[in-house]
file coords-v6.cif (mmCIF, C-alpha atoms)
data_entry
#
loop_
_atom_site.label_atom_id
_atom_site.label_comp_id
_atom_site.auth_asym_id
_atom_site.auth_seq_id
_atom_site.Cartn_x
_atom_site.Cartn_y
_atom_site.Cartn_z
CA MET P 14 -38.79 194.34 -61.45
CA HIS P 15 -41.49 195.38 -63.86
CA VAL P 16 -44.42 193.00 -64.33
CA GLY P 17 -46.48 193.43 -67.45
CA PRO P 18 -50.26 193.69 -67.32
CA PRO P 19 -52.26 190.45 -67.68
CA PRO P 20 -53.47 189.65 -71.20
CA ARG P 21 -56.86 190.93 -72.16
CA GLY P 22 -59.80 188.78 -73.12
CA SER P 23 -59.29 189.47 -76.81
CA ASP P 24 -55.65 188.40 -76.54
CA LEU P 25 -56.66 185.16 -74.83
CA ALA P 26 -59.25 184.50 -77.51
CA ALA P 27 -56.68 185.17 -80.23
CA ARG P 28 -54.22 182.80 -78.61
CA GLY P 29 -56.91 180.14 -78.28
CA MET P 30 -57.82 180.52 -81.94
CA ALA P 31 -54.16 180.25 -82.92
CA ALA P 32 -53.77 177.09 -80.85
CA ASP P 33 -56.88 175.58 -82.45
CA ALA P 34 -55.58 176.52 -85.90
CA GLU P 35 -52.40 174.60 -85.20
CA SER P 36 -54.19 171.44 -84.06
CA PRO P 37 -54.99 168.91 -86.81
CA ARG P 38 -58.46 168.21 -88.06
CA VAL P 39 -60.28 165.05 -87.07
CA PHE P 40 -59.88 163.40 -90.46
CA GLU P 41 -56.13 164.14 -90.42
CA ALA P 42 -55.69 162.44 -87.02
CA TRP P 43 -58.13 159.62 -87.83
CA LYS P 44 -57.06 156.25 -86.40
CA GLY P 45 -59.20 154.12 -88.68
CA SER P 46 -58.22 152.81 -92.11
CA ASN P 47 -60.55 155.12 -94.03
CA ILE P 48 -59.57 157.39 -96.92
CA PHE P 49 -60.87 160.96 -97.02
CA TYR P 50 -61.44 163.25 -100.01
CA LEU P 51 -62.23 166.97 -100.34
CA GLN P 52 -60.87 167.90 -96.91
CA GLY P 53 -62.88 165.29 -95.04
CA ARG P 54 -66.19 165.83 -96.83
CA PHE P 55 -66.21 162.29 -98.21
CA ILE P 56 -65.11 159.21 -96.28
CA PHE P 57 -64.38 155.91 -98.03
CA GLY P 58 -63.06 152.56 -97.01
CA PRO P 59 -59.45 151.48 -97.62
CA ASP P 60 -60.58 149.47 -100.68
CA VAL P 61 -62.12 152.48 -102.43
CA ARG P 62 -60.36 151.59 -105.68
CA SER P 63 -62.85 148.77 -106.19
CA LEU P 64 -65.45 151.51 -106.62
CA PHE P 65 -64.02 152.31 -110.06
CA LEU P 66 -64.49 148.69 -111.12
CA THR P 67 -68.13 148.82 -110.02
CA ILE P 68 -68.68 152.03 -111.98
CA PHE P 69 -67.11 150.47 -115.08
CA LEU P 70 -69.32 147.37 -114.80
CA ILE P 71 -72.37 149.63 -114.83
CA VAL P 72 -71.37 152.29 -117.34
CA ALA P 73 -69.82 149.98 -119.98
CA PRO P 74 -72.93 147.88 -120.79
CA VAL P 75 -75.21 150.93 -120.70
CA SER P 76 -72.90 152.70 -123.16
CA ILE P 77 -73.01 149.73 -125.50
CA PHE P 78 -76.79 149.63 -125.16
CA CYS P 79 -77.18 153.31 -126.05
CA MET P 80 -74.72 153.26 -128.97
CA PHE P 81 -75.91 150.09 -130.68
CA VAL P 82 -79.29 148.92 -129.43
CA ALA P 83 -81.20 152.13 -128.59
CA ARG P 84 -79.71 153.90 -131.61
CA LYS P 85 -80.75 151.03 -133.90
CA LEU P 86 -84.29 151.23 -132.54
CA MET P 87 -84.30 155.00 -133.13
CA ASP P 88 -82.80 154.95 -136.66
CA GLU P 89 -84.38 151.91 -138.27
CA PHE P 90 -87.72 151.59 -136.57
CA SER P 91 -89.19 154.55 -134.76
CA SER P 92 -87.66 157.65 -133.22
CA THR P 93 -90.61 157.80 -130.83
CA LEU P 94 -89.39 154.48 -129.41
CA GLY P 95 -85.62 154.86 -129.64
CA ILE P 96 -85.20 158.33 -128.08
CA PRO P 97 -87.23 157.66 -124.89
CA VAL P 98 -85.47 154.32 -124.46
CA MET P 99 -82.05 155.99 -124.63
CA VAL P 100 -83.02 158.90 -122.35
CA ILE P 101 -84.48 156.61 -119.69
CA ALA P 102 -81.39 154.40 -119.79
CA VAL P 103 -79.08 157.40 -119.28
CA LEU P 104 -81.17 158.89 -116.46
CA PHE P 105 -81.53 155.53 -114.75
CA THR P 106 -77.77 155.03 -114.91
CA LEU P 107 -77.07 158.45 -113.40
CA TYR P 108 -79.54 157.70 -110.60
CA ASP P 109 -77.86 154.37 -109.95
CA LEU P 110 -74.38 155.93 -109.83
CA THR P 111 -75.61 158.64 -107.46
CA LEU P 112 -76.87 156.02 -105.04
CA LEU P 113 -73.54 154.23 -105.34
CA LEU P 114 -71.56 157.35 -104.43
CA VAL P 115 -73.91 158.25 -101.57
CA THR P 116 -73.54 154.74 -100.16
CA SER P 117 -69.78 154.70 -100.50
CA GLY P 118 -68.85 158.27 -99.59
CA ARG P 119 -70.72 158.88 -96.33
CA ASP P 120 -70.20 157.92 -92.72
CA PRO P 121 -71.88 154.51 -92.31
CA GLY P 122 -72.43 155.08 -88.58
CA ILE P 123 -68.95 155.02 -87.05
CA VAL P 124 -68.89 155.16 -83.25
CA PRO P 125 -66.18 157.61 -82.09
CA ARG P 126 -63.34 156.03 -80.13
CA ASN P 127 -62.76 156.85 -76.50
CA ALA P 128 -59.55 158.63 -75.58
CA HIS P 129 -59.26 156.42 -72.49
CA PRO P 130 -60.99 153.25 -71.24
CA PRO P 131 -64.19 153.47 -69.18
CA GLU P 132 -64.05 153.25 -65.42
CA PRO P 133 -63.65 149.64 -64.16
CA GLU P 134 -66.55 148.27 -62.17
CA PHE P 135 -64.89 145.73 -59.89
CA PHE P 136 -61.57 144.50 -58.59
CA GLU P 137 -59.93 141.17 -59.10
CA ASP P 138 -57.50 139.92 -56.44
CA ASN P 139 -55.28 137.62 -58.41
CA ASN P 140 -51.81 139.06 -57.81
CA GLU P 141 -49.72 137.96 -54.85
CA VAL P 142 -46.47 139.67 -53.97
CA GLY P 143 -44.69 138.50 -50.83
CA GLY P 144 -47.84 136.90 -49.45
CA ALA P 145 -49.93 140.07 -49.87
CA ARG P 146 -52.65 140.32 -52.49
CA THR P 147 -52.99 143.46 -54.58
CA PRO P 148 -56.28 144.24 -56.36
CA GLN P 149 -56.30 144.66 -60.15
CA LEU P 150 -58.96 146.57 -62.03
CA ARG P 151 -60.80 144.54 -64.63
CA LEU P 152 -63.52 145.54 -67.04
CA PRO P 153 -66.27 142.98 -67.66
CA ARG P 154 -66.10 141.49 -71.14
CA THR P 155 -69.85 141.87 -71.75
CA LYS P 156 -72.74 143.89 -70.39
CA ASP P 157 -76.44 143.16 -70.37
CA VAL P 158 -78.77 145.74 -71.91
CA ASN P 159 -82.54 145.61 -72.36
CA VAL P 160 -83.88 145.77 -75.93
CA ASN P 161 -87.66 145.60 -76.38
CA GLY P 162 -88.03 143.64 -73.16
CA MET P 163 -85.27 141.15 -73.99
CA THR P 164 -81.75 140.97 -72.57
CA VAL P 165 -78.97 141.48 -75.11
CA LYS P 166 -75.25 141.24 -74.38
CA VAL P 167 -72.96 143.98 -75.66
CA LYS P 168 -69.21 143.41 -75.89
CA TYR P 169 -66.24 145.55 -75.00
CA CYS P 170 -64.05 146.67 -77.92
CA ASP P 171 -60.36 146.79 -77.01
CA THR P 172 -59.49 148.88 -80.08
CA CYS P 173 -62.09 151.62 -79.59
CA MET P 174 -62.05 151.30 -75.76
CA LEU P 175 -65.83 151.29 -75.43
CA TYR P 176 -68.78 148.98 -74.98
CA ARG P 177 -70.37 148.56 -78.37
CA PRO P 178 -74.01 149.64 -78.65
CA PRO P 179 -76.52 146.92 -79.58
CA ARG P 180 -76.12 145.71 -83.17
CA CYS P 181 -72.73 147.43 -83.38
CA SER P 182 -69.67 145.53 -84.52
CA HIS P 183 -66.01 146.27 -85.28
CA CYS P 184 -65.02 146.09 -88.94
CA SER P 185 -61.51 144.68 -89.34
CA ILE P 186 -61.12 146.30 -92.78
CA CYS P 187 -62.03 149.86 -91.82
CA ASN P 188 -60.89 149.38 -88.19
CA ASN P 189 -63.97 151.11 -86.79
CA CYS P 190 -66.98 150.18 -84.70
CA VAL P 191 -70.07 150.70 -86.88
CA GLU P 192 -73.64 151.00 -85.60
CA ARG P 193 -76.08 148.44 -86.98
CA PHE P 194 -73.19 146.83 -88.83
CA ASP P 195 -74.45 144.80 -91.79
CA HIS P 196 -71.26 143.92 -93.67
CA HIS P 197 -68.30 145.46 -95.46
CA CYS P 198 -69.12 145.58 -99.16
CA PRO P 199 -66.07 145.37 -101.44
CA TRP P 200 -68.12 146.55 -104.44
CA VAL P 201 -68.82 149.94 -102.88
CA GLY P 202 -65.60 150.05 -100.84
CA GLN P 203 -67.37 150.92 -97.59
CA CYS P 204 -69.00 149.43 -94.51
CA ILE P 205 -72.77 149.11 -94.66
CA GLY P 206 -74.33 150.31 -91.44
CA LEU P 207 -76.98 152.47 -89.82
CA ARG P 208 -76.50 155.60 -91.96
CA ASN P 209 -76.08 154.10 -95.45
CA TYR P 210 -78.01 150.81 -95.45
CA ARG P 211 -81.06 152.47 -96.99
CA PHE P 212 -79.03 153.83 -99.90
CA PHE P 213 -77.20 150.53 -100.28
CA TYR P 214 -80.43 148.63 -100.81
CA MET P 215 -81.75 151.30 -103.16
CA PHE P 216 -78.52 151.00 -105.18
CA VAL P 217 -78.73 147.20 -105.37
CA PHE P 218 -82.42 147.26 -106.29
CA SER P 219 -82.01 150.00 -108.92
CA THR P 220 -79.09 148.06 -110.43
CA THR P 221 -81.38 145.05 -110.72
CA LEU P 222 -84.03 147.15 -112.46
CA LEU P 223 -81.42 148.63 -114.80
CA CYS P 224 -80.28 145.12 -115.72
CA LEU P 225 -83.84 144.05 -116.46
CA TYR P 226 -84.40 147.22 -118.52
CA VAL P 227 -81.36 146.65 -120.73
CA PHE P 228 -82.11 142.93 -120.96
CA GLY P 229 -85.71 143.53 -122.03
CA PHE P 230 -85.03 146.13 -124.74
CA SER P 231 -82.18 144.04 -126.14
CA TRP P 232 -84.80 141.35 -126.84
CA VAL P 233 -87.16 144.02 -128.23
CA CYS P 234 -84.50 144.96 -130.76
CA ILE P 235 -84.07 141.34 -131.84
CA VAL P 236 -87.83 140.84 -132.20
CA LYS P 237 -88.15 144.07 -134.22
CA ILE P 238 -85.47 142.85 -136.63
CA ARG P 239 -87.16 139.46 -136.98
CA ASN P 240 -90.58 140.98 -137.71
CA ALA P 241 -89.17 143.57 -140.14
CA GLU P 242 -87.13 141.12 -142.23
CA GLN P 243 -89.35 138.06 -141.77
CA ILE P 244 -86.48 135.83 -140.66
CA SER P 245 -85.97 133.38 -137.83
CA ILE P 246 -85.04 134.52 -134.35
CA TRP P 247 -81.56 133.04 -134.71
CA ARG P 248 -80.93 134.97 -137.94
CA ALA P 249 -82.20 138.12 -136.28
CA MET P 250 -79.78 137.64 -133.38
CA THR P 251 -76.88 137.61 -135.81
CA LYS P 252 -78.00 140.99 -137.15
CA THR P 253 -77.39 142.65 -133.75
CA PRO P 254 -74.40 141.11 -131.99
CA ALA P 255 -74.44 143.91 -129.36
CA SER P 256 -77.82 142.66 -128.18
CA ILE P 257 -76.44 139.13 -127.80
CA VAL P 258 -73.47 140.35 -125.75
CA LEU P 259 -75.74 142.39 -123.49
CA ILE P 260 -78.19 139.53 -123.01
CA ILE P 261 -75.42 137.17 -121.90
CA TYR P 262 -73.80 139.79 -119.66
CA ILE P 263 -77.09 140.81 -118.04
CA PHE P 264 -78.17 137.19 -117.58
CA ILE P 265 -75.04 136.59 -115.47
CA SER P 266 -75.18 139.89 -113.58
CA VAL P 267 -78.85 139.79 -112.70
CA TRP P 268 -78.39 136.64 -110.65
CA PHE P 269 -75.98 138.50 -108.41
CA ALA P 270 -77.82 141.82 -108.14
CA GLY P 271 -81.27 140.24 -108.09
CA GLY P 272 -80.29 137.59 -105.57
CA LEU P 273 -78.81 140.26 -103.32
CA SER P 274 -82.00 142.32 -103.61
CA VAL P 275 -84.19 139.39 -102.61
CA PHE P 276 -81.90 138.41 -99.73
CA HIS P 277 -81.89 141.90 -98.24
CA LEU P 278 -85.63 142.14 -98.77
CA TYR P 279 -85.93 139.12 -96.47
CA LEU P 280 -83.50 140.67 -93.97
CA MET P 281 -85.47 143.92 -93.85
CA SER P 282 -88.79 142.11 -93.40
CA THR P 283 -87.38 140.31 -90.33
CA ASN P 284 -85.23 143.26 -89.14
CA GLN P 285 -81.91 141.43 -89.35
CA THR P 286 -78.49 142.36 -90.60
CA THR P 287 -76.25 140.17 -92.71
CA TYR P 288 -73.87 139.83 -89.77
CA GLU P 289 -76.66 138.79 -87.40
CA ASN P 290 -78.12 136.37 -89.93
CA PHE P 291 -74.86 134.48 -90.33
CA ARG P 292 -73.82 134.63 -86.67
CA TYR P 293 -76.89 134.51 -84.45
CA ARG P 294 -79.36 132.59 -86.64
CA TYR P 295 -82.56 134.29 -85.51
CA ASP P 296 -84.59 131.57 -87.20
CA ARG P 297 -83.60 129.37 -84.24
CA ARG P 298 -83.99 132.00 -81.50
CA ALA P 299 -86.07 135.08 -80.77
CA ASN P 300 -85.12 138.29 -82.54
CA PRO P 301 -85.39 141.23 -80.13
CA TYR P 302 -85.42 143.75 -83.00
CA ASN P 303 -88.28 142.26 -85.04
CA ARG P 304 -91.37 144.47 -84.69
CA GLY P 305 -93.40 143.14 -87.59
CA VAL P 306 -93.00 143.46 -91.36
CA VAL P 307 -94.63 146.89 -91.71
CA GLU P 308 -92.77 148.46 -88.78
CA ASN P 309 -89.49 146.92 -89.97
CA PHE P 310 -89.82 148.52 -93.41
CA LYS P 311 -90.80 151.83 -91.83
CA GLU P 312 -87.64 151.71 -89.73
CA ILE P 313 -85.48 151.30 -92.85
CA PHE P 314 -87.14 153.67 -95.33
CA PHE P 315 -89.30 156.15 -93.42
CA THR P 316 -87.29 157.15 -90.37
CA THR P 317 -84.88 160.04 -90.10
CA ILE P 318 -81.27 159.05 -90.60
CA PRO P 319 -79.35 160.10 -87.47
CA PRO P 320 -76.58 162.65 -87.95
CA SER P 321 -72.98 161.53 -87.95
CA LYS P 322 -71.31 161.31 -84.55
CA ASN P 323 -68.02 162.39 -86.12
CA LYS P 324 -67.21 165.93 -87.23
CA PHE P 325 -64.38 165.09 -89.59
CA ARG P 326 -63.58 168.69 -90.49
CA ALA P 327 -63.49 169.94 -86.90
CA ARG P 328 -60.24 170.57 -85.04
CA VAL P 329 -59.02 167.98 -82.58
CA PRO P 330 -59.41 169.47 -79.07
CA ARG P 331 -56.15 170.04 -77.25
CA GLU P 332 -57.34 168.07 -74.25
CA GLN P 333 -58.22 165.05 -76.38
CA GLU P 334 -54.92 165.27 -78.27
CA TYR P 335 -53.04 165.33 -74.96
CA GLN P 336 -55.03 162.38 -73.62
CA GLN P 337 -54.27 160.34 -76.73
CA LEU P 338 -50.56 160.90 -76.17
CA THR P 339 -50.48 160.32 -72.41
CA THR P 340 -53.09 157.63 -71.84
CA GLY P 341 -51.55 154.88 -69.75
CA GLY P 342 -52.73 151.50 -68.53
CA GLY P 343 -55.16 151.97 -65.66
CA PHE P 344 -57.13 148.75 -65.82
CA MET P 345 -57.10 145.13 -66.88
CA SER P 346 -58.84 144.48 -70.17
CA PRO P 347 -61.55 141.82 -70.12
CA ASN P 348 -59.42 140.00 -72.71
CA MET P 349 -56.21 140.06 -70.62
CA GLY P 350 -54.54 136.69 -71.01
CA ARG P 351 -56.96 135.69 -73.76
CA ALA P 352 -56.66 135.83 -77.51
CA VAL P 353 -57.50 139.27 -78.88
CA GLY P 354 -59.87 138.76 -81.76
CA ASP P 355 -63.51 138.24 -82.62
CA ILE P 356 -65.46 136.57 -85.34
CA GLU P 357 -65.72 139.85 -87.24
CA MET P 358 -62.06 140.77 -86.85
CA GLY P 359 -60.61 138.30 -89.32
CA ARG P 360 -57.11 138.52 -87.82
CA LYS P 361 -54.71 136.15 -86.18
CA PRO P 362 -55.41 136.09 -82.43
CA VAL P 363 -52.79 137.85 -80.33
CA THR P 364 -52.59 137.50 -76.57
CA TRP P 365 -52.45 140.49 -74.29
CA ASP P 366 -49.18 139.22 -72.84
CA GLU P 367 -47.62 139.45 -76.30
CA LEU P 368 -48.95 142.96 -76.78
CA ARG P 369 -47.59 144.05 -73.41
CA ALA P 370 -44.23 142.46 -74.18
CA VAL P 371 -44.02 144.39 -77.44
CA THR P 372 -45.13 147.77 -76.09
CA GLN P 373 -43.28 147.64 -72.79
CA GLY P 374 -40.29 145.55 -73.79
CA GLY P 375 -37.78 148.35 -73.26
CA ASP P 376 -38.99 149.25 -69.78
CA LEU P 377 -39.27 145.59 -68.82
CA GLU P 378 -35.68 144.94 -69.82
CA GLU P 379 -34.63 147.86 -67.61
CA GLY P 380 -36.54 146.35 -64.68
CA LEU P 381 -34.97 142.95 -65.28
CA SER P 382 -31.49 144.45 -65.38
CA SER P 383 -32.12 146.07 -62.01
CA ARG P 384 -33.31 142.73 -60.70
CA ASN P 385 -30.17 141.02 -61.97
CA MET P 386 -28.09 143.64 -60.16
CA VAL P 387 -29.89 142.77 -56.92
CA ASP P 388 -29.26 139.07 -57.53
CA ASP P 389 -25.53 139.75 -58.03
CA LYS P 390 -25.44 141.56 -54.75
CA ASP P 391 -27.20 138.62 -53.11
CA SER P 392 -24.38 136.35 -54.26
CA GLU P 393 -21.84 138.71 -52.71
CA LEU P 394 -23.91 138.86 -49.51
CA SER P 395 -23.55 135.09 -49.15
CA GLU P 396 -19.93 135.63 -48.18
CA ILE P 397 -20.96 137.46 -44.95
CA SER P 398 -21.26 135.59 -41.68
CA PRO P 399 -24.58 133.72 -41.20
CA ASP P 400 -25.77 135.85 -38.26
CA LEU P 401 -25.13 139.13 -40.02
CA ARG P 402 -26.70 137.85 -43.25
CA ARG P 403 -29.83 136.59 -41.45
CA GLU P 404 -30.32 139.93 -39.69
CA PHE P 405 -29.89 141.90 -42.91
CA LEU P 406 -32.18 139.65 -44.97
CA SER P 407 -34.99 139.92 -42.45
CA THR P 408 -34.78 143.71 -42.58
CA ARG P 409 -34.47 143.79 -46.37
CA GLY P 410 -37.38 141.40 -46.87
CA VAL P 411 -39.83 143.76 -45.20
CA GLU P 412 -38.55 146.74 -47.20
CA VAL P 413 -38.58 144.94 -50.55
CA GLN P 414 -42.06 143.56 -49.93
CA ALA P 415 -43.39 147.02 -49.13
CA ALA P 416 -41.62 148.55 -52.14
CA LEU P 417 -42.85 145.89 -54.55
CA HIS P 418 -46.38 146.10 -53.20
CA HIS P 419 -46.38 149.86 -53.68
CA ARG P 420 -44.91 149.51 -57.14
CA ARG P 421 -47.43 146.92 -58.28
CA SER P 422 -50.34 148.92 -56.91
CA SER P 423 -49.16 152.09 -58.63
CA TRP P 424 -48.67 150.28 -61.94
CA GLY P 425 -52.39 149.99 -62.41
CA ARG P 426 -52.71 153.74 -62.12
CA GLY P 427 -49.69 155.06 -63.91
CA GLY P 428 -48.45 152.17 -66.02
CA SER P 429 -44.78 152.78 -65.04
CA TRP P 430 -42.18 150.02 -64.98
CA GLU P 431 -39.30 152.13 -63.71
CA THR P 432 -37.20 150.86 -60.85
CA MET P 433 -38.70 152.23 -57.66
CA PRO P 434 -36.51 154.49 -55.42
CA GLU P 435 -37.12 152.13 -52.48
CA VAL P 436 -35.66 149.20 -54.42
CA ARG P 437 -32.62 151.24 -55.43
CA ALA P 438 -32.12 152.34 -51.79
CA VAL P 439 -32.31 148.72 -50.58
CA ALA P 440 -29.83 147.63 -53.26
CA SER P 441 -27.39 150.40 -52.27
CA ALA P 442 -27.66 149.51 -48.57
CA MET P 443 -27.13 145.86 -49.37
CA TRP P 444 -24.04 146.72 -51.41
CA GLU P 445 -22.54 148.81 -48.60
CA THR P 446 -23.27 146.10 -46.01
CA SER P 447 -21.71 143.38 -48.16
CA ARG P 448 -18.65 145.57 -48.76
CA ILE P 449 -18.19 146.33 -45.01
CA GLY P 450 -18.85 142.70 -44.10
CA SER P 451 -16.35 141.38 -46.60
CA GLY P 452 -13.74 143.91 -45.39
CA SER P 453 -14.16 143.00 -41.71
CA GLY P 454 -14.10 139.30 -42.54
CA SER P 455 -10.79 139.65 -44.35
CA ARG P 456 -9.28 141.60 -41.42
CA SER P 457 -10.42 138.90 -38.98
CA MET P 458 -8.81 136.21 -41.10
CA SER P 459 -5.56 138.19 -41.24
CA ALA P 460 -5.51 138.61 -37.42
CA ALA P 461 -6.19 134.92 -36.91
CA SER P 462 -3.32 133.96 -39.17
CA LEU P 463 -1.01 136.24 -37.22
#
call {"tool": "encode", "arguments": {"input": "coords-v6.cif", "output": "structure tokens"}}
result
Amino acid sequence: MHVGPPPRGSDLAARGMAADAESPRVFEAWKGSNIFYLQGRFIFGPDVRSLFLTIFLIVAPVSIFCMFVARKLMDEFSSTLGIPVMVIAVLFTLYDLTLLLVTSGRDPGIVPRNAHPPEPEFFEDNNEVGGARTPQLRLPRTKDVNVNGMTVKVKYCDTCMLYRPPRCSHCSICNNCVERFDHHCPWVGQCIGLRNYRFFYMFVFSTTLLCLYVFGFSWVCIVKIRNAEQISIWRAMTKTPASIVLIIYIFISVWFAGGLSVFHLYLMSTNQTTYENFRYRYDRRANPYNRGVVENFKEIFFTTIPPSKNKFRARVPREQEYQQLTTGGGFMSPNMGRAVGDIEMGRKPVTWDELRAVTQGGDLEEGLSSRNMVDDKDSELSEISPDLRREFLSTRGVEVQAALHHRRSSWGRGGSWETMPEVRAVASAMWETSRIGSGSGSRSMSAASL
């Protein structure tokens, strides 16, 4: 028999490249709720369509301002005043929209999910099968970490299968754990976190300045008309209805944008996030992240933004893809038996028992059917003589206990609910014994009657 020569290194490399080419990219196999554009170069939240509304609310009033107010200042009063006003308004709007897109279209600081849970740290003996306890692996719900000399608890995330870093939280809208999670902003359609908070504040603050700019020059146009025609301010306002519309619109909008700017200015000065401010109330307890006003502002505006931990355009490794398909239950979640949900999740709590019933319902029904078969055979065994039945049950009890103990212990490692071979062997032996016993009993009764 002829055996071909082993493949060369170049052939192995070519095969590896072909296998990698067939595997999907990270953004194609993404488990979060995000939406990607330009082959994974831009990542948005699932509510990215609200971004178009935000753009319209910015562009529409600036367009009205340029067409009616700035043009009126340029045509009727002074071109040296009207042209710079229009140019600055256009450039300021483009700058504001750029900050909006940078905030919305970049990774906010998503923590990559684990392909499998971390190693459990201790056992919990709470299962008893036939008088023997079997240990179950359980992950602690929280861990203590040291932050600036203070102890902070970090929680385990059942969705991402990891312990969240300090200040990290799981966003129920994007379905991701985000570092330094501030909030999910519906106006930008993205989570606000470690990697885009700086641009978010710059966008909010520049929007406030743009509102004040349009608001101020709308009044300048009214005053110019009043001084030129020597009429009252109310008559001058009727001469430029676009200015009146913009003044009312900006007066309403500036409360929102300006109020948000002031609120986040306070959060940055105390090194808090919106989530921490509403949940932990650091005004009533010590804030482990507060390092002083100057250092807090340096941390936001003058530190290097860390690179993204996700390479969305990279290929999913074959090992990771295989682990995602074959990962089984090898531990007890810290939330086992409790409601799955957190204050940031915003979902109806679901117990782990319900989740297990849904995911393993088919295998559980198979196990129950096997158990019902054993019960049926027990009813047939009751027809055997008491001595024979007692002897058989004592032998079967030891075998079943050992089989069930082995099955329950192996469940934690492999997550299988199949009927064990030992149980099937015991059921078959019990069936044969009951059949032989019933046959001999009937022959004895026939001989006695004769």
call {"tool": "resolve_selection", "arguments": {"input": "coords-v6.cif", "expression": "the PyMOL selection byres ((chain P and resi 48) around 8)", "output": "number ranges by chain"}}
result
P: 46-47, 49-50, 56-59, 61
call {"tool": "closest_atom_pairs", "arguments": {"input": "coords-v6.cif", "of": "stretch 143-202 of chain P", "to": "stretch 291-315 of chain P", "cutoff": "9 Å", "atoms": "only C-alpha atoms", "output": "CSV"}}
result
residue,atom,partner,partner_atom,distance
P:Val160,CA,P:Pro301,CA,6.4
P:Asn161,CA,P:Pro301,CA,6.2
P:Gly162,CA,P:Pro301,CA,7.8
P:Met163,CA,P:Pro301,CA,6.1
P:Thr164,CA,P:Pro301,CA,8.4
P:Val165,CA,P:Pro301,CA,8.2
call {"tool": "atom_distance", "arguments": {"input": "coords-v6.cif", "atom1": "atom CA of P:Ser76", "atom2": "atom CA of P:Val100"}}
result
11.9 Å
call {"tool": "residues_around", "arguments": {"input": "coords-v6.cif", "residues": "stretch 214-222 of chain P", "least_positions_apart": "5", "cutoff": "6 Å", "atoms": "only C-alpha atoms", "output": "ChimeraX atom specification"}}
result
/P:109,112-113,270-271,274
call {"tool": "atom_distance", "arguments": {"input": "coords-v6.cif", "atom1": "atom CA of P:Val167", "atom2": "atom CA of P:Ala42"}}
result
27.7 Å
call {"tool": "closest_residue", "arguments": {"input": "coords-v6.cif", "among": "P:Leu64, P:Ala83, P:Val124, P:Leu225", "to": "P:Lys324", "atoms": "all atoms listed in the file"}}
result
P:Val124
call {"tool": "atom_distance", "arguments": {"input": "coords-v6.cif", "atom1": "atom CA of P:Ile101", "atom2": "atom CA of P:Phe230"}}
result
11.6 Å
call {"tool": "residues_around", "arguments": {"input": "coords-v6.cif", "residues": "P:Asp60", "least_positions_apart": "2", "cutoff": "7 Å", "atoms": "all atoms listed in the file", "output": "list in words"}}
result
Gly58, Arg62, Ser63, Pro199 and Gly202 of chain P
call {"tool": "residues_around", "arguments": {"input": "coords-v6.cif", "residues": "P:Ile205", "least_positions_apart": "6", "cutoff": "10 Å", "atoms": "all atoms listed in the file", "output": "mmCIF file with C-alpha atoms, in the coordinates of the input"}}
result
data_model
loop_
_atom_site.group_PDB
_atom_site.id
_atom_site.type_symbol
_atom_site.label_atom_id
_atom_site.label_comp_id
_atom_site.auth_asym_id
_atom_site.auth_seq_id
_atom_site.Cartn_x
_atom_site.Cartn_y
_atom_site.Cartn_z
ATOM 1 C CA THR P 116 -73.540 154.740 -100.160
ATOM 2 C CA SER P 117 -69.780 154.700 -100.500
ATOM 3 C CA ASP P 120 -70.200 157.920 -92.720
ATOM 4 C CA PRO P 121 -71.880 154.510 -92.310
ATOM 5 C CA GLY P 122 -72.430 155.080 -88.580
ATOM 6 C CA VAL P 191 -70.070 150.700 -86.880
ATOM 7 C CA GLU P 192 -73.640 151.000 -85.600
ATOM 8 C CA ARG P 193 -76.080 148.440 -86.980
ATOM 9 C CA PHE P 194 -73.190 146.830 -88.830
ATOM 10 C CA ASP P 195 -74.450 144.800 -91.790
ATOM 11 C CA HIS P 196 -71.260 143.920 -93.670
ATOM 12 C CA HIS P 197 -68.300 145.460 -95.460
ATOM 13 C CA CYS P 198 -69.120 145.580 -99.160
ATOM 14 C CA ARG P 211 -81.060 152.470 -96.990
ATOM 15 C CA PHE P 212 -79.030 153.830 -99.900
ATOM 16 C CA PHE P 213 -77.200 150.530 -100.280
ATOM 17 C CA TYR P 214 -80.430 148.630 -100.810
ATOM 18 C CA THR P 286 -78.490 142.360 -90.600
ATOM 19 C CA THR P 287 -76.250 140.170 -92.710
#
